[in-house]
Amino acid sequence: VVTRCMSARAAIIMAAIFNFLGVYIMTMLSPKVAQTITKMVDFGNDPRMAIIALSAAMFAIVTWATAAFVFGIPTSESHALIAGLSGSAIALNGSFAGVNGGEWVKVLYGILISVTLGFGLGWLVCKLVTALFRKANRPKTEPFFRGAQIVGAASMAFMHGAQDGQKFMGVVLLCVYMSQGQSLPSDIHIPIWLMIVCSVVMAAGTAMRFLTAYFSATEGEHILTGTARMRQRPIRVLVDALRTLGADIAYTEHEGFPPLRIKGKSLEGGALS
């Protein structure tokens, strides 16, 4: 949006659609991420205690995510999810026996490899593009780079959905099996309804924040709301930042949470801290 490759409306729609497709398509092809989550911890054979432990993990994750959001701390909800599940399993079992080290080590590999490859490939691609287009006529290359930015953004939204959606599918499956007093099978089948639910939730969550910014800079008055769960998601940091730029936004129910009444206008601009 900032580089004028896409309008705000088109970018919001694209991000929501590709988040949706990422969850649905990649889970159909391979649900291995969800399987890793379900096999990572052992909550025992007591359904009541297992549900309590899982609920404690979810409460810890939401509490930490909300605090990090309020104070502007960049975090990974994926790693918070894994840590929360592991901590509750350890507390329930009284030892590390509740954690499957073989699955946990995949997380450590993921952290190490993603940071290394992300940094290395980012540096390499930047140098390569600079070298390849050093003598190119800049105006003539703009259509290519505009398209490349759109493809890159769409791919990022797709893989975001593919990864994060499956993690929480794993949590839902844990809850379903444990509430029925059943052990998780070695070959887990993810039902279509669960893929669709997670896809829709991911797409809705993506759209909410983008739409807040978009409507703030678009003439007219808008009420932005969502499902009951969506109205529990904090949005104060974004609203405060937009207000600093001159946006006219009011909470219609609870302070810091949707629904929002947005009176769109041309924003004044300014510095964000």
# chains A, B, ... in the order shown; residues from 1 in each chain; ligands from 1
$ residues_around --residues "stretch 190-195 of chain A" --least-positions-apart "2" --cutoff "12 Å" --atoms "only C-alpha atoms" --output "PyMOL selection string"
chain A and resi 19-35+38+161-162+164-174+176+185+187-188+197-202
$ residues_around --residues "A:Ser86" --least-positions-apart "3" --cutoff "7 Å" --atoms "only C-alpha atoms" --output "VMD selection string"
chain A and resid 41 82 to 83 89 to 90 99
$ write_last_selection --atoms "N, CA and C atoms" --output "short mmCIF file (atom, residue, chain, number, x, y, z; two decimals), in the first residue's frame"
data_model
loop_
_atom_site.label_atom_id
_atom_site.label_comp_id
_atom_site.auth_asym_id
_atom_site.auth_seq_id
_atom_site.Cartn_x
_atom_site.Cartn_y
_atom_site.Cartn_z
N VAL A 41 2.79 -32.82 23.35
CA VAL A 41 2.60 -32.95 24.80
C VAL A 41 1.68 -34.12 25.12
N ILE A 82 3.25 -23.10 21.82
CA ILE A 82 4.05 -24.29 22.13
C ILE A 82 4.54 -24.24 23.58
N ALA A 83 4.99 -23.07 24.02
CA ALA A 83 5.46 -22.93 25.40
C ALA A 83 4.32 -23.13 26.39
N ALA A 89 1.55 -29.10 30.43
CA ALA A 89 1.79 -30.55 30.46
C ALA A 89 2.80 -30.92 31.55
N ILE A 90 3.83 -30.10 31.70
CA ILE A 90 4.83 -30.34 32.75
C ILE A 90 4.20 -30.19 34.13
N VAL A 99 6.26 -33.92 28.05
CA VAL A 99 6.70 -33.26 26.82
C VAL A 99 7.41 -34.27 25.92
#
$ residues_around --residues "A:Val151" --least-positions-apart "2" --cutoff "12 Å" --atoms "only C-alpha atoms" --output "PyMOL selection string"
chain A and resi 5-6+11+14-15+18+144-149+153-158
$ write_last_selection --atoms "C-alpha atoms" --output "PDB file, in the first residue's frame"
ATOM      1  CA  CYS A   5       1.389  -1.153  -5.764  1.00  0.00           C
ATOM      2  CA  MET A   6      -2.146  -1.797  -4.541  1.00  0.00           C
ATOM      3  CA  ALA A  11      -4.536  -5.305  -0.239  1.00  0.00           C
ATOM      4  CA  MET A  14      -5.915 -10.129  -1.021  1.00  0.00           C
ATOM      5  CA  ALA A  15      -4.482 -10.730   2.453  1.00  0.00           C
ATOM      6  CA  PHE A  18      -4.713 -15.817   0.733  1.00  0.00           C
ATOM      7  CA  PHE A 144       7.986  -5.829 -12.839  1.00  0.00           C
ATOM      8  CA  PHE A 145       8.764  -4.822  -9.260  1.00  0.00           C
ATOM      9  CA  ARG A 146       5.172  -3.763  -8.650  1.00  0.00           C
ATOM     10  CA  GLY A 147       4.017  -7.224  -9.674  1.00  0.00           C
ATOM     11  CA  ALA A 148       6.796  -8.870  -7.660  1.00  0.00           C
ATOM     12  CA  GLN A 149       5.696  -7.019  -4.524  1.00  0.00           C
ATOM     13  CA  ALA A 153       2.747 -10.206  -0.278  1.00  0.00           C
ATOM     14  CA  ALA A 154       0.215 -12.787  -1.465  1.00  0.00           C
ATOM     15  CA  SER A 155       2.703 -15.613  -0.889  1.00  0.00           C
ATOM     16  CA  MET A 156       3.446 -14.339   2.609  1.00  0.00           C
ATOM     17  CA  ALA A 157      -0.272 -14.226   3.467  1.00  0.00           C
ATOM     18  CA  PHE A 158      -0.726 -17.731   2.046  1.00  0.00           C
TER      19      PHE A 158
END
$ closest_atom_pairs --of "stretch 84-114 of chain A" --to "stretch 52-64 of chain A" --cutoff "9 Å" --atoms "only C-alpha atoms" --output "JSON lines"
{"residue": "A:Gly84", "atom": "CA", "partner": "A:Ala57", "partner_atom": "CA", "distance": 4.6}
{"residue": "A:Leu85", "atom": "CA", "partner": "A:Ala57", "partner_atom": "CA", "distance": 5.2}
{"residue": "A:Ser86", "atom": "CA", "partner": "A:Ala57", "partner_atom": "CA", "distance": 8.2}
{"residue": "A:Gly87", "atom": "CA", "partner": "A:Ala57", "partner_atom": "CA", "distance": 7.3}
{"residue": "A:Ser88", "atom": "CA", "partner": "A:Ala53", "partner_atom": "CA", "distance": 5.4}
{"residue": "A:Ala89", "atom": "CA", "partner": "A:Ala53", "partner_atom": "CA", "distance": 6.8}
{"residue": "A:Ala91", "atom": "CA", "partner": "A:Ala53", "partner_atom": "CA", "distance": 8.2}
{"residue": "A:Leu92", "atom": "CA", "partner": "A:Ala53", "partner_atom": "CA", "distance": 6.7}
$ write_last_selection --atoms "C-alpha atoms" --output "mmCIF file, in the first residue's frame"
data_model
loop_
_atom_site.group_PDB
_atom_site.id
_atom_site.type_symbol
_atom_site.label_atom_id
_atom_site.label_comp_id
_atom_site.auth_asym_id
_atom_site.auth_seq_id
_atom_site.Cartn_x
_atom_site.Cartn_y
_atom_site.Cartn_z
ATOM 1 C CA GLY A 84 1.998 -22.722 26.978
ATOM 2 C CA LEU A 85 1.111 -26.298 26.035
ATOM 3 C CA SER A 86 4.467 -27.565 27.278
ATOM 4 C CA GLY A 87 4.271 -25.686 30.569
ATOM 5 C CA SER A 88 0.793 -26.973 31.368
ATOM 6 C CA ALA A 89 1.793 -30.552 30.461
ATOM 7 C CA ALA A 91 2.687 -28.938 35.575
ATOM 8 C CA LEU A 92 0.111 -31.706 35.140
#
$ select_by_dssp --residues "stretch 104-254 of chain A" --states "strand (DSSP E)" --output "PyMOL selection string"
chain A and resi 220-224+248-251
$ select_by_dssp --residues "stretch 39-195 of chain A" --states "alpha helix (DSSP H)" --output "ChimeraX atom specification"
/A:39,47-70,77-93,101-132,138-179,192-195
$ residues_around --residues "A:Ala207" --least-positions-apart "2" --cutoff "9 Å" --atoms "only C-alpha atoms" --output "number ranges by chain"
A: 12-13, 15-16, 202-205, 209-212
$ closest_residue --among "A:Val105, A:Ala67, A:Met178, A:Ile113" --to "A:Pro47" --atoms "only C-alpha atoms"
A:Met178
